[in-house]
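Asker: To be precise about what I am sending: the file is called structure11.txt and holds compact mmCIF, C-alpha atoms.
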# COMPACT_ATOMS: atom_id res chain seq x y z
CA MET A 1 119.83 -69.48 -6.22
CA ILE A 2 123.27 -71.11 -5.89
CA PHE A 3 123.73 -70.94 -9.66
CA ARG A 4 122.85 -67.26 -9.72
CA ARG A 5 125.31 -66.49 -6.92
CA ALA A 6 128.03 -68.32 -8.84
CA LEU A 7 127.05 -66.35 -11.93
CA LEU A 8 127.29 -63.03 -10.06
CA ARG A 9 130.71 -63.98 -8.68
CA GLU A 10 131.93 -64.86 -12.17
CA MET A 11 130.65 -61.59 -13.64
CA ALA A 12 132.28 -59.65 -10.81
CA ALA A 13 135.62 -61.42 -11.40
CA ASN A 14 135.42 -60.77 -15.14
CA SER A 15 134.54 -57.13 -14.48
CA LEU A 16 137.59 -56.70 -12.26
CA LEU A 17 139.81 -58.27 -14.90
CA VAL A 18 138.36 -56.23 -17.79
CA PHE A 19 138.43 -52.97 -15.82
CA SER A 20 142.07 -53.54 -14.85
CA VAL A 21 143.06 -54.09 -18.48
CA LEU A 22 141.11 -51.06 -19.75
CA LEU A 23 142.47 -48.88 -16.94
CA MET A 24 146.06 -49.90 -17.65
CA ILE A 25 145.64 -49.21 -21.37
CA THR A 26 144.13 -45.78 -20.65
CA LEU A 27 146.78 -44.95 -18.04
CA THR A 28 149.62 -45.94 -20.36
CA THR A 29 148.25 -43.97 -23.30
CA MET A 30 147.62 -40.81 -21.31
CA LEU A 31 150.90 -41.08 -19.40
CA ILE A 32 152.84 -41.23 -22.66
CA ARG A 33 151.00 -38.13 -23.89
CA TYR A 34 151.62 -36.13 -20.72
CA LEU A 35 155.26 -37.21 -20.50
CA GLY A 36 155.72 -36.04 -24.08
CA GLN A 37 154.27 -32.65 -23.16
CA ALA A 38 156.52 -32.48 -20.10
CA ALA A 39 159.60 -33.39 -22.17
CA SER A 40 158.83 -30.57 -24.62
CA GLY A 41 158.35 -28.07 -21.81
CA ALA A 42 154.63 -27.58 -22.46
CA LEU A 43 153.77 -29.15 -19.11
CA ALA A 44 155.55 -29.00 -15.77
CA ASN A 45 157.02 -32.27 -14.53
CA GLU A 46 155.24 -32.05 -11.19
CA ALA A 47 151.88 -31.57 -12.94
CA VAL A 48 151.96 -34.88 -14.85
CA LEU A 49 150.48 -37.03 -12.07
CA ALA A 50 147.83 -34.43 -11.22
CA PHE A 51 146.57 -34.14 -14.81
CA LEU A 52 146.73 -37.93 -15.15
CA GLY A 53 144.52 -38.36 -12.09
CA PHE A 54 141.97 -35.78 -13.25
CA SER A 55 141.79 -37.37 -16.71
CA ILE A 56 141.30 -40.87 -15.34
CA ILE A 57 138.42 -39.67 -13.14
CA ASN A 58 136.85 -38.05 -16.20
CA TYR A 59 137.11 -41.29 -18.22
CA LEU A 60 135.82 -43.60 -15.46
CA PRO A 61 132.13 -43.57 -16.58
CA VAL A 62 133.09 -44.71 -20.10
CA LEU A 63 135.47 -47.37 -18.76
CA LEU A 64 132.87 -48.75 -16.36
CA SER A 65 130.21 -48.80 -19.08
CA LEU A 66 132.45 -50.81 -21.39
CA THR A 67 133.52 -53.03 -18.48
CA VAL A 68 130.03 -54.25 -17.58
CA PHE A 69 129.21 -54.86 -21.24
CA ILE A 70 132.29 -57.01 -21.84
CA ALA A 71 132.00 -58.80 -18.47
CA VAL A 72 128.40 -59.90 -19.03
CA LEU A 73 129.22 -60.87 -22.61
CA MET A 74 132.23 -62.96 -21.56
CA THR A 75 130.32 -64.72 -18.77
CA LEU A 76 127.31 -65.73 -20.86
CA THR A 77 129.49 -66.68 -23.84
CA ARG A 78 131.36 -69.11 -21.60
CA CYS A 79 128.01 -70.56 -20.49
CA TYR A 80 127.11 -71.23 -24.13
CA ARG A 81 130.55 -72.66 -24.88
CA ASP A 82 130.50 -75.02 -21.85
CA SER A 83 126.91 -76.16 -22.60
CA GLU A 84 125.54 -74.68 -19.38
CA MET A 85 122.90 -72.94 -21.46
CA VAL A 86 121.63 -76.34 -22.58
CA VAL A 87 120.92 -77.26 -18.96
CA TRP A 88 119.29 -73.86 -18.46
CA PHE A 89 117.01 -74.29 -21.48
CA THR A 90 116.14 -77.92 -20.82
CA ALA A 91 115.06 -76.90 -17.31
CA GLY A 92 112.28 -74.89 -18.93
CA LEU A 93 113.87 -71.48 -18.64
CA SER A 94 114.39 -69.12 -21.56
CA VAL A 95 117.09 -66.57 -22.22
CA VAL A 96 114.80 -63.92 -20.70
CA ALA A 97 115.42 -65.46 -17.28
CA TRP A 98 118.98 -64.08 -17.45
CA VAL A 99 117.67 -60.52 -17.31
CA ARG A 100 117.11 -60.51 -13.54
CA PRO A 101 120.59 -61.64 -12.43
CA VAL A 102 122.19 -59.28 -14.95
CA ILE A 103 120.14 -56.35 -13.63
CA VAL A 104 121.11 -57.27 -10.05
CA PHE A 105 124.77 -57.18 -11.06
CA VAL A 106 124.62 -54.08 -13.28
CA GLY A 107 122.29 -51.96 -11.12
CA PRO A 108 124.88 -50.70 -8.59
CA VAL A 109 127.42 -50.10 -11.37
CA VAL A 110 124.90 -48.01 -13.34
CA LEU A 111 124.20 -45.91 -10.24
CA GLY A 112 127.95 -45.41 -9.82
CA ILE A 113 128.29 -44.39 -13.46
CA ALA A 114 125.46 -41.87 -13.03
CA PHE A 115 127.15 -40.40 -9.93
CA LEU A 116 130.50 -40.15 -11.70
CA SER A 117 129.03 -38.72 -14.90
CA LEU A 118 126.74 -36.14 -13.31
CA ILE A 119 128.85 -34.99 -10.36
CA VAL A 120 132.44 -36.27 -10.22
CA SER A 121 133.52 -35.89 -13.87
CA PRO A 122 132.55 -32.18 -14.13
CA TRP A 123 134.38 -31.57 -10.84
CA ALA A 124 137.51 -33.29 -12.20
CA VAL A 125 137.44 -31.22 -15.40
CA ARG A 126 136.94 -28.01 -13.41
CA LYS A 127 139.82 -28.82 -11.06
CA SER A 128 142.01 -29.69 -14.03
CA ASP A 129 141.33 -26.29 -15.61
CA GLU A 130 142.05 -24.53 -12.31
CA TYR A 131 145.30 -26.41 -11.88
CA ARG A 132 146.33 -25.62 -15.44
CA LEU A 133 145.65 -21.92 -14.77
CA GLN A 134 147.76 -22.17 -11.61
CA MET A 135 150.61 -23.73 -13.59
CA GLU A 136 150.40 -21.01 -16.24
CA SER A 137 150.47 -18.31 -13.54
CA ARG A 138 153.92 -19.37 -12.37
CA ASP A 139 156.89 -17.16 -13.19
CA ASP A 140 159.23 -18.08 -16.04
CA VAL A 141 162.05 -19.40 -13.88
CA THR A 142 159.79 -21.67 -11.83
CA ALA A 143 158.43 -23.20 -15.04
CA VAL A 144 161.89 -24.08 -16.35
CA ALA A 145 162.53 -27.83 -16.65
CA PRO A 146 166.09 -29.20 -16.62
CA GLY A 147 167.48 -30.11 -20.03
CA VAL A 148 164.78 -28.17 -21.94
CA PHE A 149 164.96 -24.75 -23.61
CA LYS A 150 162.09 -22.64 -22.26
CA GLU A 151 160.92 -19.37 -23.79
CA SER A 152 159.48 -16.70 -21.52
CA ARG A 153 155.86 -15.69 -21.88
CA HIS A 154 156.93 -12.23 -23.08
CA ALA A 155 159.06 -13.92 -25.80
CA ASP A 156 162.11 -11.84 -24.87
CA ARG A 157 164.09 -14.50 -23.00
CA VAL A 158 165.10 -18.13 -23.44
CA TYR A 159 166.21 -20.18 -20.45
CA PHE A 160 168.11 -23.43 -20.19
CA VAL A 161 169.38 -25.23 -17.10
CA GLU A 162 171.23 -28.50 -17.12
CA SER A 163 170.09 -29.87 -13.77
CA PHE A 164 168.97 -29.06 -10.28
CA ALA A 165 171.78 -29.00 -7.75
CA GLY A 166 171.45 -29.35 -4.01
CA GLU A 167 168.31 -27.58 -2.87
CA LYS A 168 165.20 -27.56 -4.99
CA ASN A 169 165.51 -23.90 -6.04
CA THR A 170 169.20 -24.17 -6.94
CA VAL A 171 170.21 -25.00 -10.52
CA SER A 172 173.54 -25.57 -12.25
CA ASN A 173 174.97 -24.75 -15.69
CA ILE A 174 172.56 -21.99 -16.69
CA PHE A 175 172.16 -20.43 -20.13
CA MET A 176 169.94 -17.42 -20.81
CA ARG A 177 169.38 -15.44 -23.99
CA ALA A 178 167.70 -12.04 -23.70
CA VAL A 179 166.99 -9.08 -25.96
CA GLN A 180 166.99 -5.66 -24.28
CA HIS A 181 167.11 -2.26 -25.99
CA GLN A 182 167.67 -4.01 -29.36
CA LYS A 183 170.80 -5.63 -27.98
CA LEU A 184 171.35 -9.35 -27.76
CA GLY A 185 172.59 -10.62 -24.42
CA LEU A 186 173.85 -14.10 -23.59
CA LEU A 187 174.35 -15.22 -20.02
CA VAL A 188 176.10 -18.37 -18.83
CA ALA A 189 176.63 -19.23 -15.17
CA GLN A 190 177.71 -22.20 -13.13
CA HIS A 191 175.00 -21.92 -10.49
CA GLY A 192 171.89 -19.94 -9.70
CA TYR A 193 169.01 -19.70 -7.28
CA GLN A 194 165.85 -17.71 -6.58
CA THR A 195 165.39 -15.24 -3.78
CA VAL A 196 162.63 -12.94 -2.57
CA SER A 197 163.21 -9.38 -1.38
CA ASP A 198 161.55 -7.72 1.59
CA LYS A 199 159.03 -6.11 -0.77
CA GLY A 200 158.03 -9.46 -2.21
CA ASP A 201 159.85 -9.12 -5.53
CA ARG A 202 161.42 -12.30 -6.90
CA TYR A 203 164.98 -12.33 -8.23
CA LEU A 204 167.19 -14.83 -10.02
CA VAL A 205 170.74 -14.76 -8.70
CA LEU A 206 173.44 -16.13 -11.02
CA LEU A 207 176.89 -17.08 -9.68
CA ASN A 208 180.26 -17.35 -11.43
CA GLY A 209 179.41 -16.63 -15.04
CA ARG A 210 179.82 -14.43 -18.07
CA ARG A 211 177.62 -12.03 -19.99
CA TYR A 212 178.02 -11.36 -23.72
CA GLU A 213 176.20 -8.29 -25.04
CA GLY A 214 176.06 -6.79 -28.51
CA ILE A 215 174.04 -6.13 -31.65
CA GLY A 216 173.30 -9.06 -33.91
CA GLY A 217 175.52 -9.09 -37.02
CA SER A 218 178.03 -6.72 -35.48
CA PRO A 219 181.51 -7.86 -34.37
CA ASP A 220 181.37 -5.47 -31.39
CA TYR A 221 180.51 -7.50 -28.30
CA ARG A 222 181.06 -6.65 -24.69
CA ILE A 223 182.10 -9.45 -22.34
CA MET A 224 181.57 -9.25 -18.60
CA VAL A 225 182.79 -11.73 -16.02
CA PHE A 226 180.81 -11.73 -12.82
CA GLU A 227 180.67 -13.54 -9.52
CA ARG A 228 177.10 -12.52 -8.76
CA TYR A 229 174.44 -11.27 -11.20
CA THR A 230 170.86 -10.49 -10.12
CA ILE A 231 167.89 -10.43 -12.49
CA ARG A 232 164.38 -9.41 -11.45
CA ILE A 233 161.76 -11.98 -12.39
CA GLN A 234 158.81 -10.31 -14.04
CA PRO A 235 155.53 -11.39 -12.42
CA TYR A 236 152.98 -12.97 -14.72
CA GLU A 237 149.26 -13.28 -14.25
CA ALA A 238 147.45 -15.69 -16.52
CA GLY A 239 144.12 -14.56 -17.85
CA LEU A 240 140.99 -16.14 -16.53
CA ILE A 241 139.82 -19.18 -18.47
CA ALA A 242 136.15 -19.17 -19.41
CA PRO A 243 134.45 -22.29 -18.01
CA THR A 244 133.68 -24.90 -20.64
CA GLN A 245 130.50 -26.93 -20.82
CA LYS A 246 132.37 -30.00 -19.57
CA SER A 247 133.50 -28.17 -16.43
CA LEU A 248 130.08 -26.79 -15.49
CA SER A 249 128.11 -28.67 -12.87
CA THR A 250 124.93 -30.48 -13.85
CA LEU A 251 122.88 -28.05 -11.77
CA ALA A 252 124.42 -25.10 -13.63
CA LEU A 253 123.53 -26.69 -16.97
CA LEU A 254 119.93 -27.07 -15.85
CA GLN A 255 119.70 -23.54 -14.47
CA HIS A 256 121.11 -21.92 -17.64
CA PRO A 257 119.99 -24.09 -20.56
CA THR A 258 121.86 -23.44 -23.79
CA PRO A 259 122.20 -25.68 -26.87
CA ALA A 260 125.80 -26.51 -25.97
CA GLY A 261 124.84 -27.12 -22.33
CA MET A 262 121.95 -29.37 -23.31
CA GLY A 263 124.28 -31.36 -25.55
CA GLU A 264 126.67 -31.89 -22.62
CA LEU A 265 123.77 -32.80 -20.33
CA LEU A 266 122.54 -35.31 -22.90
CA TRP A 267 125.97 -36.98 -22.90
CA ARG A 268 126.10 -37.18 -19.09
CA LEU A 269 122.63 -38.69 -18.83
CA GLY A 270 123.31 -41.01 -21.75
CA LEU A 271 126.28 -42.77 -20.12
CA PRO A 272 124.36 -44.63 -17.37
CA VAL A 273 121.42 -45.32 -19.69
CA SER A 274 123.71 -46.75 -22.37
CA ALA A 275 125.54 -48.86 -19.76
CA PHE A 276 122.23 -50.43 -18.70
CA ILE A 277 121.10 -51.11 -22.26
CA LEU A 278 124.51 -52.49 -23.27
CA ALA A 279 124.50 -54.91 -20.34
CA LEU A 280 121.11 -56.25 -21.43
CA LEU A 281 122.26 -56.38 -25.07
CA ALA A 282 125.08 -58.68 -23.99
CA ILE A 283 122.52 -61.40 -23.12
CA PRO A 284 121.28 -62.11 -26.68
CA LEU A 285 124.65 -61.20 -28.20
CA SER A 286 126.40 -63.87 -26.12
CA PHE A 287 124.85 -66.67 -28.19
CA VAL A 288 127.53 -68.92 -29.68
CA ASN A 289 126.79 -71.18 -32.62
CA PRO A 290 129.04 -74.26 -32.44
CA ARG A 291 129.13 -74.40 -36.24
CA ALA A 292 130.48 -70.86 -36.48
CA GLY A 293 133.58 -69.25 -35.04
CA ARG A 294 133.64 -68.47 -31.34
CA SER A 295 134.59 -64.84 -31.93
CA VAL A 296 131.72 -63.96 -34.26
CA ASN A 297 129.50 -62.74 -31.44
CA LEU A 298 132.36 -60.71 -29.94
CA ILE A 299 132.96 -58.94 -33.26
CA LEU A 300 129.25 -58.22 -33.60
CA ALA A 301 129.09 -56.91 -30.03
CA LEU A 302 132.09 -54.66 -30.63
CA LEU A 303 130.57 -53.23 -33.80
CA LEU A 304 127.27 -52.62 -32.01
CA TYR A 305 129.06 -50.81 -29.17
CA MET A 306 130.97 -48.60 -31.61
CA VAL A 307 127.77 -47.72 -33.49
CA TYR A 308 125.98 -46.94 -30.23
CA SER A 309 128.80 -44.74 -28.92
CA ASN A 310 129.26 -42.89 -32.22
CA PHE A 311 125.56 -42.16 -32.55
CA LEU A 312 125.51 -40.78 -29.00
CA SER A 313 128.35 -38.42 -29.95
CA ILE A 314 126.58 -37.39 -33.16
CA THR A 315 123.33 -36.73 -31.31
CA GLN A 316 125.20 -34.65 -28.73
CA ALA A 317 126.77 -32.57 -31.50
CA TRP A 318 123.41 -32.03 -33.20
CA VAL A 319 121.80 -30.88 -29.95
CA ALA A 320 124.76 -28.58 -29.19
CA GLN A 321 124.46 -27.05 -32.68
CA GLY A 322 120.71 -26.56 -32.33
CA LYS A 323 119.89 -28.98 -35.15
CA LEU A 324 117.97 -31.36 -32.87
CA SER A 325 115.64 -30.80 -29.94
CA PRO A 326 117.10 -31.89 -26.60
CA HIS A 327 113.88 -33.75 -25.74
CA ILE A 328 114.18 -35.82 -28.92
CA GLY A 329 117.94 -36.24 -28.73
CA LEU A 330 117.77 -37.48 -25.13
CA TRP A 331 115.87 -40.66 -26.04
CA LEU A 332 116.37 -41.02 -29.79
CA VAL A 333 119.44 -43.26 -29.82
CA HIS A 334 118.50 -45.07 -26.61
CA GLY A 335 115.05 -45.77 -28.01
CA VAL A 336 116.51 -47.23 -31.20
CA MET A 337 118.91 -49.43 -29.22
CA ALA A 338 116.08 -50.53 -26.92
CA GLY A 339 114.19 -51.60 -30.06
CA VAL A 340 117.24 -53.55 -31.23
CA LEU A 341 117.40 -55.15 -27.78
CA LEU A 342 113.77 -56.30 -27.96
CA LEU A 343 114.31 -57.61 -31.49
CA LEU A 344 117.34 -59.67 -30.45
CA PHE A 345 115.49 -61.09 -27.45
CA TYR A 346 112.57 -62.03 -29.68
CA ARG A 347 114.88 -63.88 -32.06
CA ARG A 348 116.58 -65.76 -29.23
CA VAL A 349 113.28 -66.72 -27.57
CA VAL A 350 111.79 -67.97 -30.86
CA LEU A 351 114.93 -69.82 -31.96
CA ALA A 352 115.65 -71.32 -28.53
CA PRO A 353 113.51 -74.47 -29.08
CA PHE A 354 115.31 -75.16 -32.38
CA TRP A 355 118.66 -74.71 -30.63
CA ILE A 356 117.65 -77.16 -27.87
CA MET A 357 116.39 -79.74 -30.41
CA TRP A 358 119.65 -79.45 -32.36
CA VAL A 359 121.68 -80.12 -29.20
CA ARG A 360 119.49 -83.06 -28.21
CA ASN A 361 119.86 -84.65 -31.66
CA GLY A 362 123.62 -84.16 -31.52
CA MET A 363 123.84 -85.80 -28.10
CA SER A 364 121.72 -88.75 -29.22
CA ARG A 365 123.99 -89.28 -32.24
CA LEU A 366 127.04 -89.28 -30.02
CA ARG A 367 125.46 -91.91 -27.73
CA GLY A 368 124.58 -93.98 -30.76
CA GLY A 369 128.15 -93.83 -32.06
CA ARG A 370 127.20 -91.84 -35.14
CA VAL A 371 129.00 -88.50 -35.54
Can I see the file as structure tokens?
Answerer:
Amino acid sequence: MIFRRALLREMAANSLLVFSVLLMITLTTMLIRYLGQAASGALANEAVLAFLGFSIINYLPVLLSLTVFIAVLMTLTRCYRDSEMVVWFTAGLSVVAWVRPVIVFVGPVVLGIAFLSLIVSPWAVRKSDEYRLQMESRDDVTAVAPGVFKESRHADRVYFVESFAGEKNTVSNIFMRAVQHQKLGLLVAQHGYQTVSDKGDRYLVLLNGRRYEGIGGSPDYRIMVFERYTIRIQPYEAGLIAPTQKSLSTLALLQHPTPAGMGELLWRLGLPVSAFILALLAIPLSFVNPRAGRSVNLILALLLYMVYSNFLSITQAWVAQGKLSPHIGLWLVHGVMAGVLLLLFYRRVVLAPFWIMWVRNGMSRLRGGRV
């Protein structure tokens, strides 16, 4: 009992370490992508953290599934490397006896993965789509980012502001290019701000600037110097975004079964099942042969995880395309991996006596002074 408690504590510590590393890698990768979109003007600066949070919630089931697999693998590999497995086997216990403590550790995590995959992840995707629609519904001036040229949604104006000055809605060093009545107009101003009229119309007020107006290719240009120039901001309403399969709730997928919906449902149900099977696969895969390299089992485990994950994606695509029945696709890959799991356990149980005899012979040679 004491040994199992120590084992659970070690697996929990390894899980925390592995999850932290995977989370930091995912956060860094996605943050770089969103910052790049914000720098190019495709994404508002204030929306970066919101989209980052929604994306992390969506990826949590996959991260937790990989975390428990690596944590169990690391813990049992260390037991082999430090000869704790020899004590375990010589006490009359086989590798199958590790199943119970692993299930005790993995069980709550699998339930959490199921909750995240079936309920929380679709909610995060749906909220992300709604927030994106809200960002796209903003007017052109509100969407302008300092230091970036921004084209209006009607493609008739280009805005540029150097920086925000003073209050949040006040900007400095403004440039605007507009085409009206087949005439090209250029506006430059030192400052500007937004205002709302009594009727609710929004206006951009430019202060201390110049306006150049003329026809492209013609030397005739009219120059105006102004102290105050008001431009009405055209309201924009983004079209409704059709809900995707990823954003639909699990209940909606069950109530309106379609091939694409069944493929998404297969993926959501497959995440907790694959996490459970992967955790059990880590038990036989953790075997370390002292004559071979210590990283051989880690490479094999990584390849097996990649094959498992890729086949889940392929099965999901086949079900979504109608090439495979959802009832078959739901258990096809998991059934194959369960068979691989039983095969690996059989090999370890059969080869365990030979492994114990090899260790005993090695220890007797060391005591006898013969290496």
Asker: Counting all atoms listed in the file, what is within 8 Å of segment 296-301 of chain A, bar same-chain residues fewer than 6 positions away, as a PyMOL selection string?
Answerer: chain A and resi 73+282+285-288
Asker: For segment 66-72 of chain A, list every protein, DNA or RNA residue within 6 Å, evaluated using only C-alpha atoms, and leave out those in the same chain fewer than 4 positions away; present the list as a ChimeraX atom specification.
Answerer: /A:11,14-15,18-19,278-279
Asker: Within 9 Å of Ser128 of chain A, counting all atoms listed in the file, which residues qualify if same-chain residues fewer than 4 places away don't, as a list in words?
Answerer: Ala50, Phe51, Phe54, Ser55, Trp123, Ala124, Arg132, Leu133 and Ser247 of chain A
Asker: I'd like the interatomic distance between atom CA of Val125 of chain A and atom CA of Tyr305 of chain A, to a tenth of an Å.
Answerer: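 Atom CA of Val125 of chain A sits 25.4 Å away from atom CA of Tyr305 of chain A.
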Asker: Under the rule that all atoms listed in the file are counted, which of A:Pro219, A:Pro272, A:Gly185, A:Gly263 is the nearest residue to His327 of chain A?
Answerer: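 Of A:Pro219, A:Pro272, A:Gly185, A:Gly263, the one nearest His327 of chain A is A:Gly263, counting all atoms listed in the file.
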Asker: Residues at most 12 Å from segment 320-323 of chain A, counting all atoms listed in the file, excluding those fewer than 5 positions away in the same chain, as a list in words?
Answerer: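 Residues meeting the cut-off are Gln245, Pro257, Thr258, Pro259, Ala260, Gly261, Met262, Gly263, Glu264, Leu265, Leu266, Trp267, Ser313, Ile314, Thr315, Ile328 and Gly329 of chain A.
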Asker: Neighbours of segment 200-213 of chain A within 10 Å (all atoms listed in the file; same-chain residues fewer than 6 positions away dropped), as an MDAnalysis selection string?
Answerer: chainID A and resid 139 141 170:180 183:194 220:235
Asker: Here is a test: counting only C-alpha atoms, which residue of A:Ile57, A:Leu16, A:Ala338, A:Leu23 is nearest to Lys127 of chain A?
Answerer: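 Answer, going by the shortest atom-to-atom distance: A:Ile57.
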Asker: Atom CA of Arg268 of chain A and atom CA of Arg33 of chain A are how many Å apart?
Answerer: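 Calculated distance between atom CA of Arg268 of chain A and atom CA of Arg33 of chain A is 25.4 Å.
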Asker: Quote the spacing between atom CA of Leu344 of chain A and atom CA of Leu60 of chain A in Å to one decimal place.
Answerer: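 Atom-to-atom, atom CA of Leu344 of chain A and atom CA of Leu60 of chain A are spaced 28.7 Å apart.
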Asker: Using all atoms listed in the file, can you tell me which of A:Leu27, A:Ile283, A:Leu324, A:Ile56 comes closest to Leu116 of chain A?
Answerer: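 For Leu116 of chain A, the nearest of the candidates is A:Ile56.
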Asker: Go through A:Phe105, A:Trp331, A:Tyr80, A:Phe311 one by one, measure the shortest atom-to-atom distance of each to Phe276 of chain A using only C-alpha atoms, and give the residue with the smallest value.
Answerer: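 Once distances to Phe276 of chain A are computed over only C-alpha atoms, the minimum belongs to A:Phe105.
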Asker: Which one of A:Leu64, A:Leu52, A:Val104, A:Ala44 sits closest to Leu7 of chain A if you count only C-alpha atoms?
Answerer: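 The shortest atom-to-atom distance to Leu7 of chain A comes from A:Val104.
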Asker: Nearest residue to Thr77 of chain A out of A:Leu342, A:Gly112, A:Pro284, A:Gln316, using only C-alpha atoms?
Answerer: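 Closest candidate: A:Pro284.
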